[in-house]
file upload11.txt (compact mmCIF, N, CA and C atoms)
# COMPACT_ATOMS: atom_id res chain seq x y z
N MET A 504 10.68 -10.80 -15.47
CA MET A 504 11.38 -9.77 -14.72
C MET A 504 11.88 -10.39 -13.42
N ILE A 505 13.10 -10.07 -13.08
CA ILE A 505 13.73 -10.56 -11.86
C ILE A 505 13.84 -9.40 -10.88
N VAL A 506 13.40 -9.65 -9.64
CA VAL A 506 13.50 -8.65 -8.58
C VAL A 506 14.37 -9.24 -7.47
N GLY A 507 15.39 -8.50 -7.07
CA GLY A 507 16.25 -8.93 -5.98
C GLY A 507 16.12 -7.97 -4.82
N ALA A 508 16.03 -8.53 -3.62
CA ALA A 508 15.95 -7.72 -2.41
C ALA A 508 16.95 -8.25 -1.40
N ALA A 509 17.61 -7.33 -0.71
CA ALA A 509 18.57 -7.70 0.33
C ALA A 509 18.25 -6.91 1.59
N VAL A 510 18.43 -7.55 2.72
CA VAL A 510 18.30 -6.90 4.02
C VAL A 510 19.65 -7.03 4.71
N VAL A 511 20.17 -5.90 5.18
CA VAL A 511 21.48 -5.86 5.80
C VAL A 511 21.35 -5.20 7.16
N GLU A 512 21.74 -5.92 8.20
CA GLU A 512 21.74 -5.36 9.56
C GLU A 512 23.16 -4.94 9.91
N ILE A 513 23.29 -3.68 10.34
CA ILE A 513 24.61 -3.17 10.70
C ILE A 513 24.59 -2.62 12.14
N HIS A 514 25.77 -2.56 12.74
CA HIS A 514 25.96 -2.00 14.07
C HIS A 514 26.99 -0.89 13.95
N VAL A 515 26.59 0.33 14.32
CA VAL A 515 27.47 1.49 14.22
C VAL A 515 28.16 1.67 15.57
N HIS A 516 29.41 1.21 15.68
CA HIS A 516 30.15 1.31 16.93
C HIS A 516 30.46 2.77 17.26
N GLY A 517 30.39 3.10 18.52
CA GLY A 517 30.79 4.43 18.97
C GLY A 517 29.75 5.51 18.77
N SER A 518 28.63 5.18 18.18
CA SER A 518 27.59 6.19 17.97
C SER A 518 26.91 6.48 19.31
N GLN A 519 26.83 7.77 19.65
CA GLN A 519 26.23 8.17 20.92
C GLN A 519 24.91 8.91 20.73
N SER A 520 24.46 9.02 19.47
CA SER A 520 23.20 9.71 19.21
C SER A 520 22.61 9.24 17.88
N LEU A 521 21.34 9.52 17.70
CA LEU A 521 20.70 9.21 16.43
C LEU A 521 21.33 10.01 15.30
N LYS A 522 21.76 11.24 15.61
CA LYS A 522 22.37 12.09 14.60
C LYS A 522 23.67 11.48 14.08
N GLN A 523 24.51 10.95 14.98
CA GLN A 523 25.75 10.30 14.56
C GLN A 523 25.46 9.06 13.72
N LYS A 524 24.50 8.26 14.16
CA LYS A 524 24.16 7.05 13.41
C LYS A 524 23.61 7.41 12.04
N ARG A 525 22.74 8.41 11.97
CA ARG A 525 22.18 8.82 10.68
C ARG A 525 23.26 9.26 9.71
N GLY A 526 24.30 9.92 10.21
CA GLY A 526 25.42 10.32 9.34
C GLY A 526 26.11 9.12 8.72
N VAL A 527 26.35 8.09 9.51
CA VAL A 527 26.99 6.87 9.00
C VAL A 527 26.07 6.17 8.01
N VAL A 528 24.80 6.03 8.38
CA VAL A 528 23.84 5.35 7.51
C VAL A 528 23.69 6.12 6.19
N ARG A 529 23.61 7.44 6.27
CA ARG A 529 23.50 8.26 5.05
C ARG A 529 24.72 8.07 4.16
N SER A 530 25.90 8.01 4.75
CA SER A 530 27.12 7.80 3.99
C SER A 530 27.10 6.44 3.28
N ILE A 531 26.73 5.41 4.01
CA ILE A 531 26.67 4.07 3.42
C ILE A 531 25.65 4.01 2.30
N THR A 532 24.44 4.50 2.54
CA THR A 532 23.39 4.41 1.53
C THR A 532 23.76 5.19 0.27
N GLN A 533 24.35 6.37 0.43
CA GLN A 533 24.72 7.17 -0.74
C GLN A 533 25.83 6.50 -1.54
N ARG A 534 26.80 5.92 -0.86
CA ARG A 534 27.89 5.24 -1.55
C ARG A 534 27.39 4.02 -2.32
N VAL A 535 26.48 3.26 -1.69
CA VAL A 535 25.93 2.08 -2.37
C VAL A 535 25.10 2.51 -3.58
N ARG A 536 24.28 3.54 -3.43
CA ARG A 536 23.49 4.04 -4.56
C ARG A 536 24.39 4.46 -5.72
N ASN A 537 25.44 5.22 -5.40
CA ASN A 537 26.34 5.72 -6.44
C ASN A 537 27.13 4.62 -7.12
N ARG A 538 27.61 3.66 -6.36
CA ARG A 538 28.47 2.61 -6.90
C ARG A 538 27.68 1.55 -7.67
N PHE A 539 26.50 1.16 -7.15
CA PHE A 539 25.77 0.01 -7.71
C PHE A 539 24.44 0.36 -8.36
N ASN A 540 24.01 1.61 -8.28
CA ASN A 540 22.73 2.04 -8.84
C ASN A 540 21.57 1.19 -8.30
N LEU A 541 21.54 1.02 -6.99
CA LEU A 541 20.50 0.27 -6.31
C LEU A 541 19.59 1.20 -5.53
N ALA A 542 18.38 0.75 -5.27
CA ALA A 542 17.51 1.44 -4.34
C ALA A 542 17.94 1.01 -2.94
N VAL A 543 18.17 1.97 -2.05
CA VAL A 543 18.64 1.68 -0.69
C VAL A 543 17.85 2.54 0.29
N SER A 544 17.42 1.92 1.39
CA SER A 544 16.67 2.66 2.40
C SER A 544 16.91 2.04 3.77
N GLU A 545 16.85 2.87 4.80
CA GLU A 545 16.88 2.35 6.16
C GLU A 545 15.48 1.85 6.48
N VAL A 546 15.35 0.56 6.74
CA VAL A 546 14.03 -0.05 6.94
C VAL A 546 13.80 -0.54 8.36
N GLY A 547 14.79 -0.40 9.23
CA GLY A 547 14.64 -0.84 10.61
C GLY A 547 15.68 -0.21 11.50
N GLY A 548 15.39 -0.19 12.79
CA GLY A 548 16.33 0.34 13.76
C GLY A 548 16.39 1.85 13.80
N GLN A 549 15.37 2.54 13.27
CA GLN A 549 15.43 3.99 13.22
C GLN A 549 15.47 4.65 14.59
N GLY A 550 14.95 4.01 15.60
CA GLY A 550 14.93 4.62 16.92
C GLY A 550 16.10 4.24 17.81
N THR A 551 17.07 3.52 17.27
CA THR A 551 18.22 3.10 18.07
C THR A 551 19.46 3.89 17.68
N TRP A 552 20.41 4.00 18.58
CA TRP A 552 21.62 4.78 18.35
C TRP A 552 22.68 4.04 17.55
N GLN A 553 22.67 2.71 17.62
CA GLN A 553 23.77 1.97 17.01
C GLN A 553 23.34 0.91 16.01
N ARG A 554 22.09 0.56 15.95
CA ARG A 554 21.63 -0.50 15.05
C ARG A 554 20.84 0.11 13.90
N ALA A 555 21.08 -0.43 12.69
CA ALA A 555 20.32 -0.02 11.51
C ALA A 555 20.09 -1.23 10.62
N VAL A 556 18.96 -1.27 9.97
CA VAL A 556 18.66 -2.31 9.00
C VAL A 556 18.43 -1.60 7.66
N LEU A 557 19.20 -2.00 6.66
CA LEU A 557 19.11 -1.40 5.34
C LEU A 557 18.43 -2.37 4.39
N GLY A 558 17.58 -1.84 3.54
CA GLY A 558 16.95 -2.63 2.48
C GLY A 558 17.54 -2.19 1.15
N LEU A 559 17.93 -3.16 0.32
CA LEU A 559 18.49 -2.88 -1.00
C LEU A 559 17.61 -3.60 -2.02
N ALA A 560 17.39 -2.99 -3.18
CA ALA A 560 16.58 -3.61 -4.22
C ALA A 560 17.20 -3.39 -5.59
N ALA A 561 17.07 -4.42 -6.44
CA ALA A 561 17.58 -4.37 -7.81
C ALA A 561 16.63 -5.15 -8.70
N THR A 562 16.55 -4.75 -9.97
CA THR A 562 15.76 -5.50 -10.94
C THR A 562 16.63 -5.78 -12.16
N GLY A 563 16.22 -6.77 -12.93
CA GLY A 563 16.94 -7.11 -14.14
C GLY A 563 16.28 -8.28 -14.83
N SER A 564 16.97 -8.82 -15.82
CA SER A 564 16.42 -9.95 -16.57
C SER A 564 17.19 -11.25 -16.29
N ASP A 565 18.31 -11.16 -15.59
CA ASP A 565 19.14 -12.33 -15.30
C ASP A 565 19.29 -12.50 -13.79
N PRO A 566 18.78 -13.60 -13.23
CA PRO A 566 18.83 -13.77 -11.77
C PRO A 566 20.26 -13.81 -11.20
N GLN A 567 21.21 -14.37 -11.94
CA GLN A 567 22.58 -14.43 -11.45
C GLN A 567 23.20 -13.03 -11.37
N ARG A 568 22.90 -12.19 -12.33
CA ARG A 568 23.44 -10.82 -12.31
C ARG A 568 22.82 -10.01 -11.18
N VAL A 569 21.50 -10.17 -10.97
CA VAL A 569 20.84 -9.43 -9.90
C VAL A 569 21.39 -9.87 -8.55
N ARG A 570 21.51 -11.18 -8.34
CA ARG A 570 22.09 -11.68 -7.08
C ARG A 570 23.54 -11.21 -6.93
N GLY A 571 24.28 -11.24 -8.01
CA GLY A 571 25.68 -10.83 -7.97
C GLY A 571 25.86 -9.38 -7.55
N VAL A 572 25.03 -8.48 -8.10
CA VAL A 572 25.16 -7.06 -7.74
C VAL A 572 24.78 -6.85 -6.28
N LEU A 573 23.77 -7.57 -5.79
CA LEU A 573 23.41 -7.44 -4.37
C LEU A 573 24.50 -8.00 -3.47
N ASP A 574 25.06 -9.14 -3.84
CA ASP A 574 26.16 -9.72 -3.05
C ASP A 574 27.37 -8.78 -3.02
N ARG A 575 27.70 -8.18 -4.17
CA ARG A 575 28.82 -7.24 -4.21
C ARG A 575 28.55 -6.00 -3.37
N ALA A 576 27.29 -5.53 -3.36
CA ALA A 576 26.93 -4.37 -2.55
C ALA A 576 27.08 -4.69 -1.06
N ILE A 577 26.71 -5.89 -0.65
CA ILE A 577 26.84 -6.29 0.75
C ILE A 577 28.33 -6.35 1.13
N THR A 578 29.15 -6.93 0.27
CA THR A 578 30.59 -6.98 0.52
C THR A 578 31.17 -5.57 0.59
N PHE A 579 30.70 -4.68 -0.28
CA PHE A 579 31.14 -3.29 -0.29
C PHE A 579 30.82 -2.61 1.04
N ILE A 580 29.60 -2.83 1.56
CA ILE A 580 29.20 -2.24 2.85
C ILE A 580 30.13 -2.73 3.95
N GLU A 581 30.43 -4.01 3.94
CA GLU A 581 31.33 -4.57 4.94
C GLU A 581 32.74 -4.00 4.81
N ASP A 582 33.22 -3.85 3.57
CA ASP A 582 34.58 -3.37 3.33
C ASP A 582 34.74 -1.87 3.61
N LEU A 583 33.65 -1.13 3.73
CA LEU A 583 33.75 0.29 4.08
C LEU A 583 34.27 0.49 5.50
N HIS A 584 34.01 -0.46 6.38
CA HIS A 584 34.41 -0.41 7.79
C HIS A 584 33.82 0.80 8.53
N LEU A 585 32.67 1.27 8.06
CA LEU A 585 31.97 2.34 8.78
C LEU A 585 31.06 1.77 9.86
N ALA A 586 30.67 0.51 9.69
CA ALA A 586 29.81 -0.17 10.64
C ALA A 586 30.06 -1.67 10.52
N GLU A 587 29.75 -2.39 11.59
CA GLU A 587 29.91 -3.84 11.59
C GLU A 587 28.70 -4.48 10.92
N LEU A 588 28.94 -5.37 9.99
CA LEU A 588 27.87 -6.11 9.34
C LEU A 588 27.45 -7.24 10.27
N ARG A 589 26.22 -7.20 10.76
CA ARG A 589 25.73 -8.21 11.69
C ARG A 589 25.06 -9.37 10.97
N ALA A 590 24.26 -9.04 9.93
CA ALA A 590 23.53 -10.09 9.21
C ALA A 590 23.16 -9.55 7.83
N ALA A 591 22.99 -10.47 6.90
CA ALA A 591 22.56 -10.09 5.56
C ALA A 591 21.79 -11.26 4.94
N ASP A 592 20.79 -10.93 4.14
CA ASP A 592 20.00 -11.94 3.47
C ASP A 592 19.60 -11.40 2.10
N VAL A 593 19.65 -12.26 1.10
CA VAL A 593 19.29 -11.88 -0.27
C VAL A 593 18.19 -12.82 -0.74
N GLU A 594 17.16 -12.25 -1.37
CA GLU A 594 16.08 -13.02 -1.97
C GLU A 594 15.94 -12.60 -3.42
N ILE A 595 15.73 -13.56 -4.30
CA ILE A 595 15.51 -13.30 -5.72
C ILE A 595 14.12 -13.81 -6.07
N ILE A 596 13.34 -12.96 -6.72
CA ILE A 596 11.97 -13.29 -7.08
C ILE A 596 11.84 -13.18 -8.60
N THR A 597 11.24 -14.19 -9.22
CA THR A 597 10.96 -14.15 -10.65
C THR A 597 9.49 -13.85 -10.83
N LEU A 598 9.22 -12.75 -11.52
CA LEU A 598 7.84 -12.37 -11.81
C LEU A 598 7.52 -12.76 -13.25
N PRO A 599 6.66 -13.74 -13.44
CA PRO A 599 6.38 -14.22 -14.80
C PRO A 599 5.33 -13.36 -15.48
N LEU A 600 5.71 -12.16 -15.86
CA LEU A 600 4.76 -11.25 -16.48
C LEU A 600 5.16 -10.93 -17.91
N GLU A 601 4.18 -10.79 -18.76
CA GLU A 601 4.39 -10.33 -20.12
C GLU A 601 3.39 -9.22 -20.38
N MET A 602 3.76 -8.29 -21.23
CA MET A 602 2.84 -7.22 -21.58
C MET A 602 2.35 -7.46 -23.00
N ASP A 603 1.02 -7.43 -23.18
CA ASP A 603 0.42 -7.64 -24.48
C ASP A 603 -0.72 -6.65 -24.64
N ASP A 604 -0.65 -5.81 -25.65
CA ASP A 604 -1.71 -4.84 -25.93
C ASP A 604 -1.99 -3.92 -24.74
N GLY A 605 -0.96 -3.52 -24.01
CA GLY A 605 -1.13 -2.57 -22.93
C GLY A 605 -1.60 -3.17 -21.62
N ALA A 606 -1.80 -4.48 -21.53
CA ALA A 606 -2.25 -5.12 -20.29
C ALA A 606 -1.23 -6.18 -19.88
N TRP A 607 -1.06 -6.35 -18.58
CA TRP A 607 -0.12 -7.34 -18.06
C TRP A 607 -0.82 -8.68 -17.94
N TYR A 608 -0.13 -9.74 -18.36
CA TYR A 608 -0.66 -11.10 -18.27
C TYR A 608 0.38 -11.98 -17.61
N ALA A 609 -0.09 -12.90 -16.78
CA ALA A 609 0.79 -13.95 -16.28
C ALA A 609 1.06 -14.88 -17.45
N GLU A 610 2.28 -15.39 -17.60
CA GLU A 610 2.64 -16.21 -18.75
C GLU A 610 1.77 -17.45 -18.89
N ASP A 611 1.37 -18.05 -17.77
CA ASP A 611 0.61 -19.30 -17.82
C ASP A 611 -0.88 -19.09 -17.66
N SER A 612 -1.36 -17.88 -17.78
CA SER A 612 -2.76 -17.61 -17.50
C SER A 612 -3.31 -16.61 -18.50
N ASP A 613 -4.61 -16.70 -18.76
CA ASP A 613 -5.28 -15.73 -19.61
C ASP A 613 -5.87 -14.60 -18.79
N GLU A 614 -5.75 -14.68 -17.46
CA GLU A 614 -6.26 -13.62 -16.59
C GLU A 614 -5.32 -12.43 -16.68
N SER A 615 -5.85 -11.23 -16.61
CA SER A 615 -5.01 -10.04 -16.70
C SER A 615 -5.25 -9.15 -15.51
N ALA A 616 -4.24 -8.35 -15.22
CA ALA A 616 -4.37 -7.28 -14.24
C ALA A 616 -4.37 -6.00 -15.05
N GLU A 617 -5.48 -5.32 -15.06
CA GLU A 617 -5.62 -4.13 -15.90
C GLU A 617 -5.00 -2.93 -15.22
N GLY A 618 -3.69 -2.95 -15.06
CA GLY A 618 -3.00 -1.86 -14.39
C GLY A 618 -3.12 -2.01 -12.89
N ILE A 619 -2.46 -1.15 -12.17
CA ILE A 619 -2.52 -1.20 -10.71
C ILE A 619 -3.90 -0.79 -10.28
N GLY A 620 -4.46 -1.56 -9.37
CA GLY A 620 -5.82 -1.30 -8.92
C GLY A 620 -6.85 -1.85 -9.87
N GLY A 621 -6.43 -2.61 -10.90
CA GLY A 621 -7.36 -3.18 -11.86
C GLY A 621 -8.15 -4.31 -11.25
N SER A 622 -8.98 -4.92 -12.09
CA SER A 622 -9.87 -5.95 -11.56
C SER A 622 -9.35 -7.35 -11.82
N GLY A 623 -8.16 -7.49 -12.39
CA GLY A 623 -7.63 -8.81 -12.73
C GLY A 623 -7.08 -9.56 -11.54
N GLU A 624 -6.76 -10.82 -11.77
CA GLU A 624 -6.25 -11.71 -10.73
C GLU A 624 -4.93 -11.20 -10.15
N MET A 625 -4.02 -10.66 -11.00
CA MET A 625 -2.73 -10.17 -10.53
C MET A 625 -2.93 -8.98 -9.60
N ALA A 626 -3.83 -8.07 -9.94
CA ALA A 626 -4.08 -6.91 -9.08
C ALA A 626 -4.60 -7.37 -7.72
N GLU A 627 -5.46 -8.39 -7.72
CA GLU A 627 -5.98 -8.92 -6.45
C GLU A 627 -4.86 -9.56 -5.64
N ALA A 628 -3.96 -10.27 -6.29
CA ALA A 628 -2.83 -10.89 -5.59
C ALA A 628 -1.94 -9.83 -4.98
N LEU A 629 -1.69 -8.75 -5.72
CA LEU A 629 -0.87 -7.67 -5.19
C LEU A 629 -1.55 -7.01 -4.00
N HIS A 630 -2.85 -6.80 -4.08
CA HIS A 630 -3.59 -6.19 -2.99
C HIS A 630 -3.60 -7.08 -1.75
N ASP A 631 -3.79 -8.40 -1.97
CA ASP A 631 -3.83 -9.33 -0.85
C ASP A 631 -2.50 -9.43 -0.13
N SER A 632 -1.38 -9.15 -0.82
CA SER A 632 -0.07 -9.27 -0.18
C SER A 632 0.37 -7.98 0.48
N ASP A 633 -0.45 -6.93 0.45
CA ASP A 633 -0.09 -5.64 1.04
C ASP A 633 -0.07 -5.76 2.56
N PRO A 634 1.09 -5.56 3.22
CA PRO A 634 1.20 -5.73 4.66
C PRO A 634 0.44 -4.68 5.47
N GLU A 635 0.03 -3.58 4.83
CA GLU A 635 -0.65 -2.53 5.57
C GLU A 635 -2.13 -2.81 5.75
N ASP A 636 -2.65 -3.84 5.07
CA ASP A 636 -4.08 -4.16 5.19
C ASP A 636 -4.36 -4.88 6.47

call {"tool": "encode", "arguments": {"input": "upload11.txt", "output": "structure tokens"}}
result
Amino acid sequence: MIVGAAVVEIHVHGSQSLKQKRGVVRSITQRVRNRFNLAVSEVGGQGTWQRAVLGLAATGSDPQRVRGVLDRAITFIEDLHLAELRAADVEIITLPLEMDDGAWYAEDSDESAEGIGGSGEMAEALHDSDPED
């Protein structure tokens, strides 16, 4: 499974309130969701009038296609001209998981994660990477 994540920093010129900025951000996020079928959320800059950081996520089986859809979404955001694109970054992650008999296994390991919160090595790795801990 391939997971792609993008972070996009935008600057909303002329915004004089959080309400004005939220309107622009809502418009951008809805258009990206509708056009590219991506998960989109404001992940930073919520307390500022003109700055916003958007997180975009996509999954698939082909890393080039996942990267391509995220790159096209970033270009689309820039071409909307609703806000200035300040920065963007895309990361592609390959998760080497297979499902066998209802349990997830890493391809190179006999250890299993017995579902979320299970006792396997994968569940421990997921728990250890949780930023809220």

call {"tool": "closest_residue", "arguments": {"input": "upload11.txt", "among": "A:Ile577, A:Val535, A:Val506, A:Val569", "to": "Ala590 in chain A", "atoms": "only C-alpha atoms"}}
result
A:Ile577

call {"tool": "residues_around", "arguments": {"input": "upload11.txt", "residues": "Val511 in chain A", "least_positions_apart": "6", "cutoff": "5 Å", "atoms": "all atoms listed in the file", "output": "number ranges by chain"}}
result
A: 556-557, 590-591

call {"tool": "write_last_selection", "arguments": {"input": "upload11.txt", "atoms": "N, CA and C atoms", "output": "PDB file, in the frame of the given file"}}
result
ATOM      1  N   VAL A 556      18.960  -1.270   9.970  1.00  0.00           N
ATOM      2  CA  VAL A 556      18.660  -2.310   9.000  1.00  0.00           C
ATOM      3  C   VAL A 556      18.430  -1.600   7.660  1.00  0.00           C
ATOM      4  N   LEU A 557      19.200  -2.000   6.660  1.00  0.00           N
ATOM      5  CA  LEU A 557      19.110  -1.400   5.340  1.00  0.00           C
ATOM      6  C   LEU A 557      18.430  -2.370   4.390  1.00  0.00           C
ATOM      7  N   ALA A 590      24.260  -9.040   9.930  1.00  0.00           N
ATOM      8  CA  ALA A 590      23.530 -10.090   9.210  1.00  0.00           C
ATOM      9  C   ALA A 590      23.160  -9.550   7.830  1.00  0.00           C
ATOM     10  N   ALA A 591      22.990 -10.470   6.900  1.00  0.00           N
ATOM     11  CA  ALA A 591      22.560 -10.090   5.560  1.00  0.00           C
ATOM     12  C   ALA A 591      21.790 -11.260   4.940  1.00  0.00           C
TER      13      ALA A 591
END

call {"tool": "closest_residue", "arguments": {"input": "upload11.txt", "among": "A:Val528, A:Ala586, A:Ile595, A:Ala576", "to": "Leu541 in chain A", "atoms": "only C-alpha atoms"}}
result
A:Ala576

call {"tool": "atom_distance", "arguments": {"input": "upload11.txt", "atom1": "CA of Glu587 in chain A", "atom2": "CA of Gly563 in chain A"}}
result
29.0 Å

call {"tool": "atom_distance", "arguments": {"input": "upload11.txt", "atom1": "CA of Gln523 in chain A", "atom2": "CA of Ala509 in chain A"}}
result
24.0 Å

call {"tool": "atom_distance", "arguments": {"input": "upload11.txt", "atom1": "CA of Val546 in chain A", "atom2": "CA of Lys522 in chain A"}}
result
16.6 Å

call {"tool": "closest_residue", "arguments": {"input": "upload11.txt", "among": "A:Val510, A:Val572, A:Ile580, A:Val515", "to": "Thr532 in chain A", "atoms": "only C-alpha atoms"}}
result
A:Ile580

call {"tool": "closest_residue", "arguments": {"input": "upload11.txt", "among": "A:Ile505, A:Leu585, A:Val543, A:Ile513", "to": "Asp565 in chain A", "atoms": "all atoms listed in the file"}}
result
A:Ile505

call {"tool": "axis_aligned_box", "arguments": {"input": "upload11.txt", "around": "range 585-592 of chain A", "padding_each_side": "4 Å", "output": "AutoDock Vina command-line options"}}
result
--center_x 26.1 --center_y -4.8 --center_z 6.9 --size_x 21.1 --size_y 22.3 --size_z 17.6

call {"tool": "residues_near_point", "arguments": {"input": "upload11.txt", "point": "(17.9, 5.3, 9.0)", "cutoff": "7 Å", "atoms": "only N, CA and C atoms", "output": "list in words"}}
result
Lys524, Arg525, Val528, Arg529, Ser544, Glu545, Val546, Gly547, Gly548, Gln549, Ala555 and Val556 of chain A

call {"tool": "closest_residue", "arguments": {"input": "upload11.txt", "among": "A:Trp552, A:Thr597, A:Ile531, A:Leu521", "to": "Ser564 in chain A", "atoms": "only C-alpha atoms"}}
result
A:Thr597

call {"tool": "closest_residue", "arguments": {"input": "upload11.txt", "among": "A:Met504, A:Arg554, A:Ser520, A:Ser530", "to": "Leu588 in chain A", "atoms": "only C-alpha atoms"}}
result
A:Arg554
